[in-house]
Amino acid sequence: MAKVQAQITGGQIKSVEASTVREVKDQLGVPTYTAQVNGEPAEDSQGLNDYEFVSLTEAVKGGR
């Protein structure tokens, strides 16, 4: 488990322990949100290291 900082856009930064991006999403209750790790797009299966920053934003559907 890595100790990371996570933030849902517009919310407070929280410290969480997680091995993957999916675990962060599950802990924060936002399984469908899009993630970035240290400013780079991230997949749910991406592993995490201590002190990384995970930002989560609501997924936006494209189209008209």
# chains A, B, ... in the order shown; residues from 1 in each chain; ligands from 1

call {"tool": "residues_around", "arguments": {"residues": "range 9-20 of chain A", "least_positions_apart": "3", "cutoff": "6 Å", "atoms": "only C-alpha atoms", "output": "list in words"}}
result
Met1, Ala2, Lys3, Val4, Gln5, Ala6, Glu23, Val24, Ser45, Gln46, Gly47, Leu48 and Thr57 of chain A

call {"tool": "select_by_dssp", "arguments": {"residues": "chain A", "states": "helix (DSSP H, G or I)", "output": "MDAnalysis selection string"}}
result
chainID A and resid 21:28

call {"tool": "write_last_selection", "arguments": {"atoms": "N, CA and C atoms", "output": "CSV table (one decimal), in the first residue's frame"}}
result
chain,number,residue,atom,x,y,z
A,21,VAL,N,-5.1,3.0,-8.5
A,21,VAL,CA,-6.0,4.1,-8.7
A,21,VAL,C,-7.5,3.7,-8.4
A,22,ARG,N,-7.8,2.5,-8.8
A,22,ARG,CA,-9.2,1.9,-8.5
A,22,ARG,C,-9.4,1.9,-7.0
A,23,GLU,N,-8.5,1.6,-6.2
A,23,GLU,CA,-8.7,1.6,-4.7
A,23,GLU,C,-8.9,3.0,-4.2
A,24,VAL,N,-8.2,4.0,-4.8
A,24,VAL,CA,-8.5,5.4,-4.3
A,24,VAL,C,-9.9,5.7,-4.7
A,25,LYS,N,-10.3,5.5,-5.9
A,25,LYS,CA,-11.7,5.8,-6.3
A,25,LYS,C,-12.7,5.1,-5.4
A,26,ASP,N,-12.5,3.8,-5.1
A,26,ASP,CA,-13.4,3.1,-4.2
A,26,ASP,C,-13.5,3.7,-2.8
A,27,GLN,N,-12.4,4.1,-2.3
A,27,GLN,CA,-12.3,4.7,-0.9
A,27,GLN,C,-13.0,6.0,-0.9
A,28,LEU,N,-13.0,6.8,-2.0
A,28,LEU,CA,-13.6,8.1,-2.0
A,28,LEU,C,-15.0,8.0,-2.6

call {"tool": "closest_residue", "arguments": {"among": "A:Gln7, A:Val60, A:Asp44, A:Asn49", "to": "Pro31 in chain A", "atoms": "only C-alpha atoms"}}
result
A:Asp44

call {"tool": "atom_distance", "arguments": {"atom1": "CA of Ile8 in chain A", "atom2": "CA of Asp50 in chain A"}}
result
18.6 Å

call {"tool": "select_by_dssp", "arguments": {"residues": "chain A", "states": "strand (DSSP E)", "output": "number ranges by chain"}}
result
A: 2-8, 13-18, 34-37, 40-42, 53-57

call {"tool": "residues_around", "arguments": {"residues": "Asn38 in chain A", "least_positions_apart": "3", "cutoff": "9 Å", "atoms": "only C-alpha atoms", "output": "NGL selection string"}}
result
:A and (41 or 52-55)

call {"tool": "decode", "arguments": {"residues": "range 24-64 of chain A", "atoms": "N, CA and C atoms", "output": "PDB file, in the first residue's frame"}}
result
ATOM      1  N   VAL A  24      -8.238   3.980  -4.754  1.00  0.00           N
ATOM      2  CA  VAL A  24      -8.479   5.365  -4.344  1.00  0.00           C
ATOM      3  C   VAL A  24      -9.914   5.747  -4.677  1.00  0.00           C
ATOM      4  N   LYS A  25     -10.344   5.452  -5.901  1.00  0.00           N
ATOM      5  CA  LYS A  25     -11.712   5.772  -6.322  1.00  0.00           C
ATOM      6  C   LYS A  25     -12.736   5.106  -5.406  1.00  0.00           C
ATOM      7  N   ASP A  26     -12.505   3.837  -5.087  1.00  0.00           N
ATOM      8  CA  ASP A  26     -13.441   3.111  -4.220  1.00  0.00           C
ATOM      9  C   ASP A  26     -13.494   3.719  -2.822  1.00  0.00           C
ATOM     10  N   GLN A  27     -12.352   4.082  -2.275  1.00  0.00           N
ATOM     11  CA  GLN A  27     -12.312   4.663  -0.932  1.00  0.00           C
ATOM     12  C   GLN A  27     -13.040   6.009  -0.875  1.00  0.00           C
ATOM     13  N   LEU A  28     -12.961   6.765  -1.969  1.00  0.00           N
ATOM     14  CA  LEU A  28     -13.597   8.081  -1.996  1.00  0.00           C
ATOM     15  C   LEU A  28     -15.017   8.024  -2.551  1.00  0.00           C
ATOM     16  N   GLY A  29     -15.456   6.841  -2.963  1.00  0.00           N
ATOM     17  CA  GLY A  29     -16.832   6.661  -3.412  1.00  0.00           C
ATOM     18  C   GLY A  29     -17.141   7.251  -4.777  1.00  0.00           C
ATOM     19  N   VAL A  30     -16.143   7.284  -5.657  1.00  0.00           N
ATOM     20  CA  VAL A  30     -16.335   7.837  -7.003  1.00  0.00           C
ATOM     21  C   VAL A  30     -15.783   6.885  -8.074  1.00  0.00           C
ATOM     22  N   PRO A  31     -16.361   5.694  -8.190  1.00  0.00           N
ATOM     23  CA  PRO A  31     -15.799   4.682  -9.093  1.00  0.00           C
ATOM     24  C   PRO A  31     -15.822   5.029 -10.573  1.00  0.00           C
ATOM     25  N   THR A  32     -16.672   5.977 -10.987  1.00  0.00           N
ATOM     26  CA  THR A  32     -16.761   6.309 -12.412  1.00  0.00           C
ATOM     27  C   THR A  32     -15.969   7.553 -12.788  1.00  0.00           C
ATOM     28  N   TYR A  33     -15.303   8.180 -11.839  1.00  0.00           N
ATOM     29  CA  TYR A  33     -14.556   9.403 -12.122  1.00  0.00           C
ATOM     30  C   TYR A  33     -13.288   9.097 -12.922  1.00  0.00           C
ATOM     31  N   THR A  34     -12.782  10.108 -13.607  1.00  0.00           N
ATOM     32  CA  THR A  34     -11.538  10.023 -14.354  1.00  0.00           C
ATOM     33  C   THR A  34     -10.392  10.423 -13.430  1.00  0.00           C
ATOM     34  N   ALA A  35      -9.263   9.719 -13.554  1.00  0.00           N
ATOM     35  CA  ALA A  35      -8.141   9.976 -12.646  1.00  0.00           C
ATOM     36  C   ALA A  35      -6.907  10.484 -13.381  1.00  0.00           C
ATOM     37  N   GLN A  36      -6.146  11.274 -12.647  1.00  0.00           N
ATOM     38  CA  GLN A  36      -4.810  11.673 -13.063  1.00  0.00           C
ATOM     39  C   GLN A  36      -3.884  11.421 -11.880  1.00  0.00           C
ATOM     40  N   VAL A  37      -2.675  10.970 -12.187  1.00  0.00           N
ATOM     41  CA  VAL A  37      -1.661  10.784 -11.151  1.00  0.00           C
ATOM     42  C   VAL A  37      -0.510  11.725 -11.486  1.00  0.00           C
ATOM     43  N   ASN A  38      -0.244  12.633 -10.581  1.00  0.00           N
ATOM     44  CA  ASN A  38       0.798  13.649 -10.787  1.00  0.00           C
ATOM     45  C   ASN A  38       0.592  14.391 -12.100  1.00  0.00           C
ATOM     46  N   GLY A  39      -0.666  14.656 -12.442  1.00  0.00           N
ATOM     47  CA  GLY A  39      -0.988  15.448 -13.623  1.00  0.00           C
ATOM     48  C   GLY A  39      -1.063  14.678 -14.929  1.00  0.00           C
ATOM     49  N   GLU A  40      -0.830  13.366 -14.895  1.00  0.00           N
ATOM     50  CA  GLU A  40      -0.877  12.539 -16.095  1.00  0.00           C
ATOM     51  C   GLU A  40      -2.084  11.613 -16.040  1.00  0.00           C
ATOM     52  N   PRO A  41      -2.782  11.407 -17.175  1.00  0.00           N
ATOM     53  CA  PRO A  41      -3.937  10.495 -17.188  1.00  0.00           C
ATOM     54  C   PRO A  41      -3.562   9.124 -16.652  1.00  0.00           C
ATOM     55  N   ALA A  42      -4.482   8.508 -15.900  1.00  0.00           N
ATOM     56  CA  ALA A  42      -4.185   7.221 -15.268  1.00  0.00           C
ATOM     57  C   ALA A  42      -5.349   6.249 -15.433  1.00  0.00           C
ATOM     58  N   GLU A  43      -5.023   4.989 -15.650  1.00  0.00           N
ATOM     59  CA  GLU A  43      -6.006   3.918 -15.713  1.00  0.00           C
ATOM     60  C   GLU A  43      -6.264   3.401 -14.299  1.00  0.00           C
ATOM     61  N   ASP A  44      -7.408   2.759 -14.110  1.00  0.00           N
ATOM     62  CA  ASP A  44      -7.762   2.216 -12.791  1.00  0.00           C
ATOM     63  C   ASP A  44      -6.724   1.230 -12.271  1.00  0.00           C
ATOM     64  N   SER A  45      -6.081   0.492 -13.158  1.00  0.00           N
ATOM     65  CA  SER A  45      -5.135  -0.552 -12.751  1.00  0.00           C
ATOM     66  C   SER A  45      -3.742  -0.016 -12.433  1.00  0.00           C
ATOM     67  N   GLN A  46      -3.512   1.276 -12.654  1.00  0.00           N
ATOM     68  CA  GLN A  46      -2.182   1.840 -12.422  1.00  0.00           C
ATOM     69  C   GLN A  46      -1.787   1.722 -10.958  1.00  0.00           C
ATOM     70  N   GLY A  47      -0.575   1.228 -10.727  1.00  0.00           N
ATOM     71  CA  GLY A  47      -0.040   1.128  -9.384  1.00  0.00           C
ATOM     72  C   GLY A  47       0.390   2.491  -8.865  1.00  0.00           C
ATOM     73  N   LEU A  48       0.397   2.634  -7.554  1.00  0.00           N
ATOM     74  CA  LEU A  48       0.750   3.908  -6.931  1.00  0.00           C
ATOM     75  C   LEU A  48       1.964   3.757  -6.025  1.00  0.00           C
ATOM     76  N   ASN A  49       2.719   4.845  -5.911  1.00  0.00           N
ATOM     77  CA  ASN A  49       3.868   4.909  -5.017  1.00  0.00           C
ATOM     78  C   ASN A  49       3.608   5.956  -3.946  1.00  0.00           C
ATOM     79  N   ASP A  50       4.318   5.849  -2.844  1.00  0.00           N
ATOM     80  CA  ASP A  50       4.179   6.825  -1.767  1.00  0.00           C
ATOM     81  C   ASP A  50       4.325   8.251  -2.298  1.00  0.00           C
ATOM     82  N   TYR A  51       3.526   9.135  -1.752  1.00  0.00           N
ATOM     83  CA  TYR A  51       3.585  10.579  -1.974  1.00  0.00           C
ATOM     84  C   TYR A  51       3.104  11.042  -3.350  1.00  0.00           C
ATOM     85  N   GLU A  52       2.489  10.157  -4.132  1.00  0.00           N
ATOM     86  CA  GLU A  52       1.926  10.602  -5.402  1.00  0.00           C
ATOM     87  C   GLU A  52       0.615  11.341  -5.136  1.00  0.00           C
ATOM     88  N   PHE A  53       0.195  12.146  -6.118  1.00  0.00           N
ATOM     89  CA  PHE A  53      -1.029  12.929  -6.003  1.00  0.00           C
ATOM     90  C   PHE A  53      -2.027  12.438  -7.039  1.00  0.00           C
ATOM     91  N   VAL A  54      -3.198  12.020  -6.565  1.00  0.00           N
ATOM     92  CA  VAL A  54      -4.250  11.522  -7.442  1.00  0.00           C
ATOM     93  C   VAL A  54      -5.380  12.543  -7.459  1.00  0.00           C
ATOM     94  N   SER A  55      -5.713  13.051  -8.651  1.00  0.00           N
ATOM     95  CA  SER A  55      -6.843  13.964  -8.772  1.00  0.00           C
ATOM     96  C   SER A  55      -7.953  13.261  -9.540  1.00  0.00           C
ATOM     97  N   LEU A  56      -9.169  13.467  -9.081  1.00  0.00           N
ATOM     98  CA  LEU A  56     -10.327  12.787  -9.653  1.00  0.00           C
ATOM     99  C   LEU A  56     -11.346  13.813 -10.126  1.00  0.00           C
ATOM    100  N   THR A  57     -11.839  13.620 -11.357  1.00  0.00           N
ATOM    101  CA  THR A  57     -12.846  14.514 -11.914  1.00  0.00           C
ATOM    102  C   THR A  57     -13.989  13.690 -12.474  1.00  0.00           C
ATOM    103  N   GLU A  58     -15.172  14.268 -12.467  1.00  0.00           N
ATOM    104  CA  GLU A  58     -16.334  13.583 -12.991  1.00  0.00           C
ATOM    105  C   GLU A  58     -16.141  13.340 -14.482  1.00  0.00           C
ATOM    106  N   ALA A  59     -16.420  12.116 -14.924  1.00  0.00           N
ATOM    107  CA  ALA A  59     -16.281  11.777 -16.339  1.00  0.00           C
ATOM    108  C   ALA A  59     -17.308  12.571 -17.142  1.00  0.00           C
ATOM    109  N   VAL A  60     -16.848  13.166 -18.225  1.00  0.00           N
ATOM    110  CA  VAL A  60     -17.719  13.960 -19.091  1.00  0.00           C
ATOM    111  C   VAL A  60     -17.903  13.222 -20.402  1.00  0.00           C
ATOM    112  N   LYS A  61     -19.150  13.034 -20.778  1.00  0.00           N
ATOM    113  CA  LYS A  61     -19.435  12.362 -22.045  1.00  0.00           C
ATOM    114  C   LYS A  61     -19.454  13.376 -23.158  1.00  0.00           C
ATOM    115  N   GLY A  62     -18.814  13.035 -24.274  1.00  0.00           N
ATOM    116  CA  GLY A  62     -18.777  13.922 -25.435  1.00  0.00           C
ATOM    117  C   GLY A  62     -19.985  13.713 -26.325  1.00  0.00           C
ATOM    118  N   GLY A  63     -20.031  14.444 -27.393  1.00  0.00           N
ATOM    119  CA  GLY A  63     -21.122  14.295 -28.349  1.00  0.00           C
ATOM    120  C   GLY A  63     -22.153  15.386 -28.220  1.00  0.00           C
ATOM    121  N   ARG A  64     -23.092  15.354 -29.141  1.00  0.00           N
ATOM    122  CA  ARG A  64     -24.130  16.388 -29.125  1.00  0.00           C
ATOM    123  C   ARG A  64     -25.476  15.778 -29.027  1.00  0.00           C
TER     124      ARG A  64
END
